[in-house]
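Asks: The structure file structure-v2.txt (compact mmCIF, C-alpha atoms) is provided below.
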# COMPACT_ATOMS: atom_id res chain seq x y z
CA MET A 1 178.72 16.60 -78.36
CA ASN A 2 176.69 19.27 -76.60
CA ILE A 3 177.56 19.15 -72.92
CA LYS A 4 175.50 21.53 -70.81
CA PHE A 5 177.03 23.43 -67.90
CA TYR A 6 175.33 24.54 -64.69
CA ALA A 7 176.30 26.94 -61.94
CA PRO A 8 175.81 26.05 -58.29
CA ALA A 9 173.59 28.39 -56.27
CA TRP A 10 175.55 27.14 -53.25
CA GLY A 11 177.61 30.02 -51.89
CA ASN A 12 175.75 32.80 -53.72
CA THR A 13 175.31 35.96 -51.62
CA LEU A 14 174.00 38.24 -54.38
CA PRO A 15 170.33 39.04 -55.03
CA PHE A 16 169.00 36.07 -56.96
CA ASP A 17 168.18 38.11 -60.06
CA THR A 18 171.74 39.45 -60.15
CA PHE A 19 173.14 35.97 -59.66
CA CYS A 20 171.09 34.57 -62.56
CA LYS A 21 172.08 37.48 -64.79
CA ASN A 22 175.74 36.73 -64.03
CA VAL A 23 175.19 33.01 -64.67
CA LYS A 24 173.69 33.70 -68.07
CA GLU A 25 176.35 36.23 -69.07
CA ALA A 26 179.13 33.85 -68.03
CA GLY A 27 177.84 31.26 -70.50
CA TYR A 28 176.16 28.70 -68.28
CA ASP A 29 173.05 26.82 -69.42
CA GLY A 30 171.38 26.80 -66.01
CA VAL A 31 171.58 26.49 -62.24
CA GLU A 32 171.66 23.53 -59.85
CA MET A 33 169.97 24.18 -56.52
CA ALA A 34 167.36 23.14 -53.96
CA LEU A 35 163.93 24.79 -53.84
CA PRO A 36 161.94 26.14 -50.89
CA PHE A 37 158.47 24.80 -50.09
CA GLU A 38 156.91 28.25 -49.77
CA ALA A 39 154.95 28.78 -53.00
CA LYS A 40 155.65 32.47 -53.59
CA GLU A 41 159.38 32.17 -52.94
CA LYS A 42 159.61 29.12 -55.18
CA GLN A 43 157.70 30.84 -58.00
CA GLU A 44 160.01 33.85 -57.83
CA ILE A 45 163.01 31.58 -58.34
CA LEU A 46 161.39 29.77 -61.27
CA SER A 47 160.29 33.06 -62.85
CA THR A 48 163.87 34.34 -62.65
CA PHE A 49 165.10 31.22 -64.44
CA LYS A 50 162.55 31.85 -67.16
CA LYS A 51 163.53 35.53 -67.40
CA TYR A 52 167.14 34.61 -68.16
CA ASN A 53 166.34 31.45 -70.14
CA LEU A 54 168.16 29.25 -67.63
CA GLU A 55 167.54 25.56 -67.07
CA PHE A 56 167.11 24.11 -63.59
CA ILE A 57 168.59 20.98 -62.02
CA GLY A 58 166.90 20.11 -58.73
CA GLN A 59 169.23 19.37 -55.84
CA TYR A 60 168.44 17.36 -52.72
CA PHE A 61 170.91 17.37 -49.82
CA GLN A 62 168.70 17.54 -46.71
CA SER A 63 169.64 14.10 -45.35
CA PHE A 64 169.56 15.00 -41.68
CA GLU A 65 167.17 12.55 -39.97
CA ARG A 66 168.82 9.62 -38.24
CA ASP A 67 165.55 7.67 -37.97
CA HIS A 68 165.08 5.87 -41.26
CA ASP A 69 161.30 6.18 -41.43
CA SER A 70 161.41 9.94 -40.82
CA HIS A 71 164.27 10.19 -43.27
CA ALA A 72 162.30 8.42 -46.01
CA GLU A 73 159.21 10.55 -45.36
CA ASN A 74 161.14 13.80 -45.75
CA TYR A 75 163.09 12.43 -48.72
CA GLU A 76 159.85 11.86 -50.61
CA LYS A 77 158.51 15.28 -49.61
CA TYR A 78 161.60 17.09 -50.92
CA LEU A 79 161.72 15.05 -54.13
CA ARG A 80 158.10 15.75 -54.97
CA ASN A 81 158.60 19.46 -54.31
CA LEU A 82 161.55 19.54 -56.71
CA ILE A 83 159.89 17.44 -59.39
CA ALA A 84 156.76 19.61 -59.37
CA ALA A 85 158.97 22.45 -60.69
CA LYS A 86 159.82 20.38 -63.79
CA PRO A 87 163.62 20.35 -63.53
CA VAL A 88 165.90 18.82 -66.15
CA PHE A 89 166.42 16.11 -63.54
CA VAL A 90 166.94 15.81 -59.78
CA ASN A 91 170.35 15.12 -58.25
CA CYS A 92 170.11 13.52 -54.80
CA GLN A 93 172.55 13.10 -51.97
CA THR A 94 170.66 9.95 -51.03
CA GLY A 95 170.80 8.09 -47.73
CA LYS A 96 173.37 8.00 -44.94
CA ASP A 97 176.73 6.30 -44.61
CA TYR A 98 175.54 4.58 -41.42
CA PHE A 99 172.29 3.23 -42.89
CA SER A 100 172.34 -0.44 -43.85
CA PHE A 101 172.36 -1.54 -47.48
CA GLU A 102 168.68 -2.42 -47.19
CA GLN A 103 167.79 0.99 -45.70
CA ASN A 104 169.59 2.91 -48.42
CA LYS A 105 168.20 0.61 -51.11
CA HIS A 106 164.72 1.45 -49.83
CA LEU A 107 165.49 5.11 -50.60
CA PHE A 108 166.84 4.29 -54.08
CA ASP A 109 163.70 2.24 -54.77
CA LEU A 110 161.50 5.07 -53.48
CA ALA A 111 163.24 7.54 -55.80
CA ALA A 112 162.82 5.19 -58.75
CA ARG A 113 159.11 4.85 -58.02
CA ILE A 114 158.63 8.63 -57.75
CA SER A 115 160.66 9.18 -60.91
CA LYS A 116 158.51 6.76 -62.89
CA GLU A 117 155.29 8.17 -61.46
CA MET A 118 156.15 11.83 -62.13
CA GLY A 119 158.21 11.45 -65.31
CA VAL A 120 161.39 13.18 -64.11
CA ARG A 121 164.78 11.51 -63.92
CA ILE A 122 166.40 11.14 -60.46
CA ILE A 123 170.10 10.38 -60.06
CA HIS A 124 172.21 9.92 -56.94
CA GLU A 125 175.40 11.72 -55.97
CA THR A 126 178.64 10.21 -54.71
CA HIS A 127 178.99 12.27 -51.56
CA ARG A 128 180.62 11.93 -48.14
CA GLY A 129 178.19 11.06 -45.37
CA LYS A 130 175.62 9.63 -47.81
CA SER A 131 174.97 6.16 -49.19
CA LEU A 132 177.59 6.38 -51.96
CA PHE A 133 180.28 7.88 -49.73
CA ALA A 134 183.15 5.60 -50.73
CA ALA A 135 184.25 3.87 -53.92
CA HIS A 136 184.09 0.29 -52.62
CA ILE A 137 180.71 0.88 -50.97
CA ALA A 138 179.27 2.42 -54.15
CA GLN A 139 180.64 -0.50 -56.15
CA ASN A 140 178.50 -2.87 -54.11
CA TYR A 141 175.36 -0.78 -54.78
CA PHE A 142 176.16 -0.63 -58.51
CA LYS A 143 176.52 -4.40 -58.72
CA LYS A 144 173.26 -5.05 -56.86
CA ILE A 145 171.20 -2.23 -58.43
CA PRO A 146 171.92 -2.39 -62.18
CA ASP A 147 169.87 0.68 -63.13
CA LEU A 148 171.35 3.01 -60.49
CA ARG A 149 172.53 6.21 -62.21
CA ILE A 150 174.73 8.79 -60.55
CA CYS A 151 176.18 12.25 -60.34
CA LEU A 152 179.89 11.53 -60.02
CA ASP A 153 181.53 13.93 -57.59
CA ILE A 154 184.73 11.96 -57.28
CA SER A 155 186.39 14.67 -55.16
CA HIS A 156 184.66 13.10 -52.14
CA TRP A 157 186.18 9.69 -52.78
CA CYS A 158 189.68 11.20 -53.05
CA ASN A 159 189.14 12.63 -49.59
CA VAL A 160 187.52 9.52 -48.08
CA HIS A 161 190.21 7.16 -49.39
CA GLU A 162 193.04 9.67 -48.81
CA SER A 163 194.33 9.01 -52.31
CA LEU A 164 193.78 9.65 -56.00
CA LEU A 165 192.15 6.22 -56.07
CA ALA A 166 194.89 4.25 -57.84
CA ASP A 167 193.93 1.25 -55.69
CA GLN A 168 190.19 1.67 -56.40
CA HIS A 169 190.40 1.22 -60.17
CA GLU A 170 187.59 -1.33 -60.56
CA ALA A 171 185.14 0.70 -58.47
CA VAL A 172 186.00 3.96 -60.26
CA GLU A 173 185.66 2.38 -63.71
CA LEU A 174 182.22 1.01 -62.80
CA ALA A 175 181.15 4.41 -61.45
CA ILE A 176 182.23 6.06 -64.69
CA THR A 177 179.81 3.81 -66.61
CA ARG A 178 176.94 4.91 -64.33
CA ALA A 179 177.53 8.68 -64.49
CA ASP A 180 175.01 10.97 -66.20
CA HIS A 181 176.11 14.18 -64.46
CA ILE A 182 179.44 15.41 -63.08
CA HIS A 183 180.29 17.81 -60.28
CA THR A 184 183.57 19.16 -61.59
CA ARG A 185 185.29 19.91 -58.31
CA ILE A 186 188.91 18.84 -57.86
CA GLY A 187 189.47 16.84 -54.69
CA HIS A 188 192.76 15.66 -53.22
CA PRO A 189 193.89 13.13 -50.62
CA GLU A 190 193.46 15.55 -47.72
CA GLY A 191 190.30 17.37 -48.74
CA PRO A 192 187.33 17.58 -51.13
CA GLN A 193 188.51 20.81 -52.79
CA VAL A 194 191.88 22.15 -53.84
CA ASN A 195 192.38 25.83 -53.09
CA ASP A 196 192.75 26.81 -56.75
CA PRO A 197 192.83 24.35 -59.68
CA ARG A 198 194.82 26.89 -61.72
CA ALA A 199 197.80 26.63 -59.37
CA PRO A 200 200.69 24.59 -60.84
CA GLU A 201 201.09 22.46 -57.73
CA TRP A 202 197.71 20.85 -58.48
CA LYS A 203 198.44 19.97 -62.11
CA ASP A 204 198.76 16.21 -61.54
CA THR A 205 195.60 16.21 -59.43
CA LEU A 206 193.68 18.18 -62.05
CA ASP A 207 194.94 15.89 -64.82
CA THR A 208 193.79 12.82 -62.90
CA HIS A 209 190.26 14.22 -62.61
CA LEU A 210 190.25 15.20 -66.29
CA LYS A 211 191.15 11.65 -67.30
CA TRP A 212 188.16 10.33 -65.32
CA TRP A 213 185.86 12.89 -66.90
CA ASP A 214 187.26 12.18 -70.37
CA LYS A 215 186.08 8.59 -70.04
CA ILE A 216 182.56 9.70 -69.10
CA VAL A 217 182.45 12.09 -72.05
CA GLU A 218 183.64 9.32 -74.37
CA ILE A 219 180.85 6.98 -73.20
CA HIS A 220 178.16 9.61 -73.76
CA GLN A 221 179.60 10.55 -77.15
CA LYS A 222 179.54 6.91 -78.21
CA ASN A 223 175.98 6.37 -76.96
CA ASN A 224 174.73 9.78 -78.12
CA THR A 225 173.30 10.46 -74.66
CA PRO A 226 173.09 13.80 -72.84
CA LEU A 227 175.77 14.79 -70.35
CA THR A 228 175.69 17.66 -67.87
CA MET A 229 178.30 19.23 -65.60
CA THR A 230 178.01 21.53 -62.60
CA THR A 231 181.14 23.47 -61.67
CA GLU A 232 180.76 22.91 -57.95
CA PHE A 233 183.71 24.53 -56.23
CA GLY A 234 182.18 25.70 -52.98
CA PRO A 235 182.43 28.71 -50.67
CA ALA A 236 184.28 28.89 -47.34
CA THR A 237 184.96 26.62 -45.58
CA TYR A 238 184.93 24.19 -48.50
CA MET A 239 187.15 26.86 -49.96
CA PRO A 240 190.17 26.88 -47.60
CA VAL A 241 190.39 30.00 -45.46
CA LEU A 242 193.11 31.97 -43.72
CA PRO A 243 193.42 31.58 -39.95
CA TYR A 244 191.86 34.19 -37.68
CA THR A 245 190.34 36.32 -40.47
CA GLN A 246 188.56 33.35 -42.08
CA GLN A 247 189.06 34.99 -45.47
CA PRO A 248 188.79 32.49 -48.35
CA VAL A 249 192.04 31.94 -50.21
CA GLY A 250 190.32 31.91 -53.62
CA ASN A 251 187.33 33.37 -55.43
CA GLN A 252 184.59 30.76 -55.79
CA TRP A 253 182.86 32.41 -58.76
CA GLU A 254 186.08 32.98 -60.71
CA ILE A 255 187.24 29.40 -60.15
CA ASN A 256 183.92 27.93 -61.26
CA VAL A 257 183.84 30.07 -64.41
CA PHE A 258 187.44 29.00 -65.10
CA MET A 259 186.40 25.35 -64.77
CA MET A 260 183.47 25.83 -67.15
CA ASN A 261 185.54 27.57 -69.80
CA MET A 262 188.38 25.07 -69.51
CA LEU A 263 185.97 22.14 -69.89
CA LYS A 264 184.08 23.77 -72.78
CA LYS A 265 187.37 24.21 -74.62
CA ARG A 266 188.39 20.62 -73.87
CA TYR A 267 185.14 18.95 -74.90
CA GLN A 268 183.45 21.33 -77.31
CA GLY A 269 186.13 22.88 -79.27
Turn the structure described in the file into structure tokens.
Replies:
Amino acid sequence: MNIKFYAPAWGNTLPFDTFCKNVKEAGYDGVEMALPFEAKEKQEILSTFKKYNLEFIGQYFQSFERDHDSHAENYEKYLRNLIAAKPVFVNCQTGKDYFSFEQNKHLFDLAARISKEMGVRIIHETHRGKSLFAAHIAQNYFKKIPDLRICLDISHWCNVHESLLADQHEAVELAITRADHIHTRIGHPEGPQVNDPRAPEWKDTLDTHLKWWDKIVEIHQKNNTPLTMTTEFGPATYMPVLPYTQQPVGNQWEINVFMMNMLKKRYQG
């Protein structure tokens, strides 16, 4: 099957044109990122994507308002701004972990309404601090909202549950059936990102994540449905750093390119 791979703009410090050139030359299909509201700045970003023939996944993460009404208002504003740029789809870090089920469901329903109105798919990420922050909590949403589709970033759940989720099997299996997009970061019981997935001490952790992703790939192969992956190892301080100097212990770009190439080899040939 043809799995498409996207680079995160998160952590980039290069001029955007240089970044996109590197993304294309590395073999990615596109970039996942948020967009500004300012028209000229947004158009420059979209023109650079076009220049390098890169696809765009819209990313929403700006869940900062504690008041639910203000939160919903800004949620809609950001979603419409992303959708107007005609992304492949929009990936949302929807809601808050302290919102009630009904409050978060209101946001899922709002996204579904906007998606239908504007003709662009919206999915929802499993992310700490958001509505789908934990396996058992997400399981409840999946059971009560049958059409809820997700970006599975299971690294967060490893951190939240302080485990590789052996005791969350039912919730993880249900999440796997709902996943249309994967953030391929390797989490562990004490954090959302290992320092370097190439290191031998993380082999069992890496293999556990690969087994989860294998199941998602198998489902999409069987159903002949598209699947996308963003190699989302992040910069410092997601990337562990040395004390005092705050120097990251790994190279974000190199690790993400490693993940892409490793997954291409595993799933495409």
Asks: Please report the interatomic distance between atom CA of Met262 of chain A and atom CA of Leu206 of chain A in Å with one decimal.
Replies: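 It comes out at 11.5 Å.
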Asks: Could you check the closest approach to Thr126 of chain A for each of A:Tyr98, A:Trp157, A:Phe61, A:Phe142 and tell me which residue wins, using all atoms listed in the file?
Replies: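 Smallest distance to Thr126 of chain A is found for A:Trp157.
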Asks: So which one's closest to Thr208 of chain A, A:Ile182, A:Ser100, A:Leu165, A:Thr231? Using all atoms listed in the file, please.
Replies: A:Leu165
Asks: In terms of the shortest atom-to-atom distance over all atoms listed in the file, which of A:Arg121, A:His68, A:His183, A:Arg266 is closest to Glu102 of chain A?
Replies: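 For Glu102 of chain A, the nearest of the candidates is A:His68.
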Asks: Between A:Thr230, A:Leu35, A:His209, A:Met239, which has the minimum distance to Ala166 of chain A (counting all atoms listed in the file)?
Replies: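 Ranked by minimum distance to Ala166 of chain A, first place goes to A:His209.
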Asks: Between atom CA of Glu65 of chain A and atom CA of His106 of chain A, measure the distance and give it in Å to one decimal.
Replies: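 Straight-line distance from atom CA of Glu65 of chain A to atom CA of His106 of chain A works out to 15.0 Å.
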Asks: Between A:Gly27, A:Gly187, A:Gly58, A:Pro226, which is the closest to His124 of chain A once you count only C-alpha atoms?
Replies: A:Gly58
Asks: What lies within 10 Å of Lys42 of chain A using all atoms listed in the file, ignoring chain neighbours under 5 positions off, as a list in words?
Replies: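 Contacts, in chain order: Ala34, Leu35, Pro36, Phe37, Ser47, Asn81, Leu82 and Ala85 of chain A.
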Asks: Around (171.3, 25.9, -65.5) in the file's frame, which residues reach within 12 Å when counting all atoms listed in the file? Return as a tab-separated table (two decimals) with C-alpha atoms, keeping the file's coordinate frame?
Replies:
chain	number	residue	atom	x	y	z
A	3	ILE	CA	177.56	19.15	-72.92
A	4	LYS	CA	175.50	21.53	-70.81
A	5	PHE	CA	177.03	23.43	-67.90
A	6	TYR	CA	175.33	24.54	-64.69
A	7	ALA	CA	176.30	26.94	-61.94
A	8	PRO	CA	175.81	26.05	-58.29
A	9	ALA	CA	173.59	28.39	-56.27
A	19	PHE	CA	173.14	35.97	-59.66
A	20	CYS	CA	171.09	34.57	-62.56
A	21	LYS	CA	172.08	37.48	-64.79
A	22	ASN	CA	175.74	36.73	-64.03
A	23	VAL	CA	175.19	33.01	-64.67
A	24	LYS	CA	173.69	33.70	-68.07
A	26	ALA	CA	179.13	33.85	-68.03
A	27	GLY	CA	177.84	31.26	-70.50
A	28	TYR	CA	176.16	28.70	-68.28
A	29	ASP	CA	173.05	26.82	-69.42
A	30	GLY	CA	171.38	26.80	-66.01
A	31	VAL	CA	171.58	26.49	-62.24
A	32	GLU	CA	171.66	23.53	-59.85
A	33	MET	CA	169.97	24.18	-56.52
A	46	LEU	CA	161.39	29.77	-61.27
A	48	THR	CA	163.87	34.34	-62.65
A	49	PHE	CA	165.10	31.22	-64.44
A	50	LYS	CA	162.55	31.85	-67.16
A	52	TYR	CA	167.14	34.61	-68.16
A	53	ASN	CA	166.34	31.45	-70.14
A	54	LEU	CA	168.16	29.25	-67.63
A	55	GLU	CA	167.54	25.56	-67.07
A	56	PHE	CA	167.11	24.11	-63.59
A	57	ILE	CA	168.59	20.98	-62.02
A	58	GLY	CA	166.90	20.11	-58.73
A	59	GLN	CA	169.23	19.37	-55.84
A	87	PRO	CA	163.62	20.35	-63.53
A	88	VAL	CA	165.90	18.82	-66.15
A	89	PHE	CA	166.42	16.11	-63.54
A	228	THR	CA	175.69	17.66	-67.87
A	229	MET	CA	178.30	19.23	-65.60
A	230	THR	CA	178.01	21.53	-62.60
A	231	THR	CA	181.14	23.47	-61.67
Asks: Write segment 30-43 of chain A as a compact mmCIF listing (two decimals), in the frame of the given file, completed to N, CA, C and O atoms.
Replies:
# COMPACT_ATOMS: atom_id res chain seq x y z
N GLY A 30 172.37 26.82 -67.07
CA GLY A 30 171.38 26.80 -66.01
C GLY A 30 172.01 26.79 -64.64
O GLY A 30 173.21 27.05 -64.49
N VAL A 31 171.19 26.47 -63.65
CA VAL A 31 171.58 26.49 -62.24
C VAL A 31 171.16 25.18 -61.59
O VAL A 31 170.09 24.64 -61.88
N GLU A 32 172.01 24.69 -60.69
CA GLU A 32 171.66 23.53 -59.85
C GLU A 32 171.45 24.02 -58.43
O GLU A 32 172.32 24.66 -57.85
N MET A 33 170.27 23.69 -57.86
CA MET A 33 169.97 24.18 -56.52
C MET A 33 168.76 23.45 -55.94
O MET A 33 168.01 22.79 -56.65
N ALA A 34 168.57 23.60 -54.64
CA ALA A 34 167.36 23.14 -53.96
C ALA A 34 166.27 24.20 -54.14
O ALA A 34 166.54 25.32 -54.59
N LEU A 35 165.04 23.84 -53.77
CA LEU A 35 163.93 24.79 -53.84
C LEU A 35 163.22 24.85 -52.50
O LEU A 35 163.08 23.84 -51.81
N PRO A 36 162.74 26.03 -52.12
CA PRO A 36 161.94 26.14 -50.89
C PRO A 36 160.56 25.53 -51.10
O PRO A 36 160.12 25.30 -52.24
N PHE A 37 159.85 25.29 -50.01
CA PHE A 37 158.47 24.80 -50.09
C PHE A 37 157.47 25.94 -50.23
O PHE A 37 156.38 25.75 -50.78
N GLU A 38 157.83 27.11 -49.74
CA GLU A 38 156.91 28.25 -49.77
C GLU A 38 156.63 28.65 -51.22
O GLU A 38 157.55 28.92 -52.00
N ALA A 39 155.34 28.67 -51.59
CA ALA A 39 154.95 28.78 -53.00
C ALA A 39 155.42 30.07 -53.66
O ALA A 39 155.94 30.05 -54.79
N LYS A 40 155.28 31.19 -52.98
CA LYS A 40 155.65 32.47 -53.59
C LYS A 40 157.16 32.54 -53.82
O LYS A 40 157.61 32.95 -54.89
N GLU A 41 157.92 32.14 -52.82
CA GLU A 41 159.38 32.17 -52.94
C GLU A 41 159.85 31.24 -54.05
O GLU A 41 160.74 31.59 -54.85
N LYS A 42 159.25 30.06 -54.13
CA LYS A 42 159.61 29.12 -55.18
C LYS A 42 159.28 29.67 -56.56
O LYS A 42 160.10 29.58 -57.49
N GLN A 43 158.12 30.30 -56.70
CA GLN A 43 157.70 30.84 -58.00
C GLN A 43 158.62 31.98 -58.44
O GLN A 43 158.92 32.13 -59.63
